[in-house]
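Asks: My questions all concern the structure below.
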Amino acid sequence: MKKWLSILFIICLFTLCSACSNVTWKKQYATSLPRELLSEGEEYSVLAVGKSIDHSEDILGLKKVKYFSSLDQVKEEYPNLGIKESPFFIIFDDKEIVFRTSNLDKALLFIKENY
């Protein structure tokens, strides 16, 4: 009898640990940012919706720009970013979102001042 209780306890403990680790994994990766949006090194990357950034290669501190012409496109590809208006710009460093705005001039000023 004691042997069966021990086995039952081990099975319950294993099941509990498995369930908790799955919840943690889902929570961690559901909110993580897609790697293709993050920049590399000290430069920034931008996700632009509805308005393109002209001559982005000439902007010091800006590594890459991902452009979407419509709000529906970006909502379909990146629904977790919570973009609700167009135009809209999100600036990323190599780890996270560092600035969100609907004003292109503010986005470019942020890059210029923080690079």
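Starting from 1 in every chain, residues are counted up; chains themselves are A, B, ... following the order of the structure tokens, and ligands are numbered from 1 as listed.
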Could you give me, as a PyMOL selection string, the residues within 12 Å of A:Glu113, counting only C-alpha atoms and dropping anything in the same chain fewer than 3 positions from it?
Replies: chain A and resi 44+59-62+106-110
Asks: Could you write out that same residue set with N, CA, C and O atoms as a JSON list (two decimals), in the first residue's frame?
Replies:
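Writing done, so here's part25.json:
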[["chain", "number", "residue", "atom", "x", "y", "z"],
["A", 44, "TYR", "N", 19.01, 51.12, -34.21],
["A", 44, "TYR", "CA", 17.59, 50.85, -34.04],
["A", 44, "TYR", "C", 16.98, 50.26, -35.31],
["A", 44, "TYR", "O", 17.52, 50.44, -36.40],
["A", 59, "ILE", "N", 19.74, 57.69, -42.52],
["A", 59, "ILE", "CA", 19.46, 58.11, -41.15],
["A", 59, "ILE", "C", 20.43, 57.40, -40.22],
["A", 59, "ILE", "O", 20.42, 56.18, -40.08],
["A", 60, "LEU", "N", 21.29, 58.18, -39.58],
["A", 60, "LEU", "CA", 22.30, 57.65, -38.68],
["A", 60, "LEU", "C", 21.62, 57.01, -37.47],
["A", 60, "LEU", "O", 20.78, 57.65, -36.82],
["A", 61, "GLY", "N", 21.95, 55.76, -37.19],
["A", 61, "GLY", "CA", 21.38, 55.05, -36.05],
["A", 61, "GLY", "C", 20.22, 54.15, -36.41],
["A", 61, "GLY", "O", 19.72, 53.42, -35.57],
["A", 62, "LEU", "N", 19.79, 54.19, -37.66],
["A", 62, "LEU", "CA", 18.68, 53.35, -38.11],
["A", 62, "LEU", "C", 19.21, 52.22, -38.97],
["A", 62, "LEU", "O", 19.76, 52.46, -40.05],
["A", 106, "LYS", "N", 8.64, 62.67, -34.64],
["A", 106, "LYS", "CA", 9.01, 62.27, -33.28],
["A", 106, "LYS", "C", 9.83, 60.98, -33.29],
["A", 106, "LYS", "O", 10.77, 60.84, -32.52],
["A", 107, "ALA", "N", 9.48, 60.06, -34.16],
["A", 107, "ALA", "CA", 10.24, 58.81, -34.26],
["A", 107, "ALA", "C", 11.67, 59.09, -34.71],
["A", 107, "ALA", "O", 12.64, 58.57, -34.13],
["A", 108, "LEU", "N", 11.82, 59.90, -35.74],
["A", 108, "LEU", "CA", 13.17, 60.22, -36.23],
["A", 108, "LEU", "C", 13.98, 61.02, -35.23],
["A", 108, "LEU", "O", 15.18, 60.81, -35.08],
["A", 109, "LEU", "N", 13.32, 61.92, -34.49],
["A", 109, "LEU", "CA", 13.99, 62.69, -33.45],
["A", 109, "LEU", "C", 14.48, 61.77, -32.33],
["A", 109, "LEU", "O", 15.57, 61.93, -31.82],
["A", 110, "PHE", "N", 13.65, 60.79, -31.96],
["A", 110, "PHE", "CA", 14.05, 59.83, -30.94],
["A", 110, "PHE", "C", 15.32, 59.08, -31.35],
["A", 110, "PHE", "O", 16.25, 58.94, -30.56]]
Asks: Taking into account only C-alpha atoms, which residue in the set A:Ile10, A:Arg35, A:Ile53, A:Trp4 is nearest to A:Glu96?
Replies: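 Under the stated criterion, the closest residue is A:Arg35.
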Asks: Counting only C-alpha atoms, which of A:Leu81, A:Ile111, A:Ile91, A:Val98 gets nearest to A:Ser45?
Replies: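 Among the listed residues, A:Ile91 lies closest to A:Ser45.
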Asks: Check the smallest atom-to-atom distance from each of A:Lys66, A:Tyr115, A:Ile11, A:Ser102 to A:Glu42 using only C-alpha atoms, then report the winner.
Replies: A:Tyr115
Asks: Could you jot down the atom CA of A:His55 to atom CA of A:Asp72 separation for me, Å, one decimal place?
Replies: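 Straight-line distance from atom CA of A:His55 to atom CA of A:Asp72 works out to 24.8 Å.
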Asks: Do a neighbour search on A:Gly41 at 10 Å with only C-alpha atoms, toss out local chain neighbours closer than 3 positions, and write the hits as a ChimeraX atom specification.
Replies: /A:38,44,63,93-95
Asks: Write the residues of the preceding selection, restricted to N, CA and C atoms, as a JSON list (two decimals), in the first residue's frame.
Replies:
[["chain", "number", "residue", "atom", "x", "y", "z"],
["A", 38, "LEU", "N", 13.67, 43.10, -34.24],
["A", 38, "LEU", "CA", 14.69, 43.65, -33.37],
["A", 38, "LEU", "C", 15.91, 44.07, -34.17],
["A", 44, "TYR", "N", 19.01, 51.12, -34.21],
["A", 44, "TYR", "CA", 17.59, 50.85, -34.04],
["A", 44, "TYR", "C", 16.98, 50.26, -35.31],
["A", 63, "LYS", "N", 19.06, 50.99, -38.49],
["A", 63, "LYS", "CA", 19.62, 49.83, -39.19],
["A", 63, "LYS", "C", 18.66, 49.29, -40.25],
["A", 93, "ASP", "N", 15.12, 48.30, -30.15],
["A", 93, "ASP", "CA", 16.56, 48.09, -30.04],
["A", 93, "ASP", "C", 16.80, 46.59, -30.19],
["A", 94, "ASP", "N", 17.88, 46.09, -29.68],
["A", 94, "ASP", "CA", 18.16, 44.66, -29.87],
["A", 94, "ASP", "C", 17.42, 43.75, -28.89],
["A", 95, "LYS", "N", 16.63, 44.34, -27.95],
["A", 95, "LYS", "CA", 15.93, 43.52, -26.97],
["A", 95, "LYS", "C", 14.43, 43.79, -26.87]]
Asks: My list of candidates is A:Glu85, A:Leu104, A:Leu71, A:Leu37. Which is closest to A:Ser56 when distances are computed with only C-alpha atoms?
Replies: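 Checking each of A:Glu85, A:Leu104, A:Leu71, A:Leu37 against A:Ser56, counting only C-alpha atoms, the winner is A:Leu104.
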Asks: So that I can check the secondary structure, give me every residue of stretch 63-106 of chain A assigned strand (DSSP E) by backbone DSSP, as a list of chain:residue names.
Replies: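 Strand (DSSP E) members of stretch 63-106 of chain A, listed: A:Lys63, A:Lys64, A:Val65, A:Lys66, A:Tyr67, A:Phe68, A:Phe88, A:Phe89, A:Ile90, A:Ile91, A:Phe92, A:Ile97, A:Val98, A:Phe99, A:Arg100, A:Thr101.
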Asks: As a PyMOL selection string, please: every residue in stretch 37-91 of chain A that DSSP puts in helix (DSSP H, G or I).
Replies: chain A and resi 37+56-58+71-77+79-81
Asks: Write out the residues from the selection above, keeping N, CA and C atoms, as a PDB file, in the first residue's frame.
Replies:
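As a result, part.pdb now contains:
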ATOM      1  N   LEU A  37      12.115  41.818 -36.089  1.00  0.00           N
ATOM      2  CA  LEU A  37      11.839  43.218 -35.828  1.00  0.00           C
ATOM      3  C   LEU A  37      12.929  43.887 -34.993  1.00  0.00           C
ATOM      4  N   SER A  56      15.770  55.909 -45.687  1.00  0.00           N
ATOM      5  CA  SER A  56      16.086  55.390 -44.354  1.00  0.00           C
ATOM      6  C   SER A  56      17.562  55.004 -44.223  1.00  0.00           C
ATOM      7  N   GLU A  57      18.199  54.674 -45.337  1.00  0.00           N
ATOM      8  CA  GLU A  57      19.610  54.296 -45.291  1.00  0.00           C
ATOM      9  C   GLU A  57      20.508  55.477 -44.908  1.00  0.00           C
ATOM     10  N   ASP A  58      20.012  56.700 -45.050  1.00  0.00           N
ATOM     11  CA  ASP A  58      20.794  57.886 -44.716  1.00  0.00           C
ATOM     12  C   ASP A  58      20.612  58.340 -43.271  1.00  0.00           C
ATOM     13  N   LEU A  71      -2.989  49.014 -42.090  1.00  0.00           N
ATOM     14  CA  LEU A  71      -3.163  48.573 -40.712  1.00  0.00           C
ATOM     15  C   LEU A  71      -3.552  47.104 -40.646  1.00  0.00           C
ATOM     16  N   ASP A  72      -4.378  46.664 -41.593  1.00  0.00           N
ATOM     17  CA  ASP A  72      -4.806  45.261 -41.612  1.00  0.00           C
ATOM     18  C   ASP A  72      -3.629  44.308 -41.795  1.00  0.00           C
ATOM     19  N   GLN A  73      -2.669  44.684 -42.623  1.00  0.00           N
ATOM     20  CA  GLN A  73      -1.499  43.835 -42.858  1.00  0.00           C
ATOM     21  C   GLN A  73      -0.705  43.613 -41.575  1.00  0.00           C
ATOM     22  N   VAL A  74      -0.425  44.686 -40.858  1.00  0.00           N
ATOM     23  CA  VAL A  74       0.386  44.569 -39.647  1.00  0.00           C
ATOM     24  C   VAL A  74      -0.380  43.857 -38.532  1.00  0.00           C
ATOM     25  N   LYS A  75      -1.688  44.069 -38.458  1.00  0.00           N
ATOM     26  CA  LYS A  75      -2.488  43.364 -37.453  1.00  0.00           C
ATOM     27  C   LYS A  75      -2.514  41.861 -37.708  1.00  0.00           C
ATOM     28  N   GLU A  76      -2.505  41.490 -38.975  1.00  0.00           N
ATOM     29  CA  GLU A  76      -2.502  40.072 -39.328  1.00  0.00           C
ATOM     30  C   GLU A  76      -1.154  39.417 -39.005  1.00  0.00           C
ATOM     31  N   GLU A  77      -0.063  40.109 -39.322  1.00  0.00           N
ATOM     32  CA  GLU A  77       1.266  39.518 -39.112  1.00  0.00           C
ATOM     33  C   GLU A  77       1.761  39.642 -37.669  1.00  0.00           C
ATOM     34  N   PRO A  79      -0.195  40.606 -34.460  1.00  0.00           N
ATOM     35  CA  PRO A  79      -1.366  41.023 -33.678  1.00  0.00           C
ATOM     36  C   PRO A  79      -1.034  41.428 -32.237  1.00  0.00           C
ATOM     37  N   ASN A  80       0.060  40.932 -31.687  1.00  0.00           N
ATOM     38  CA  ASN A  80       0.405  41.234 -30.297  1.00  0.00           C
ATOM     39  C   ASN A  80       1.007  42.617 -30.090  1.00  0.00           C
ATOM     40  N   LEU A  81       1.319  43.334 -31.161  1.00  0.00           N
ATOM     41  CA  LEU A  81       1.901  44.662 -31.020  1.00  0.00           C
ATOM     42  C   LEU A  81       0.865  45.715 -30.652  1.00  0.00           C
TER      43      LEU A  81
END
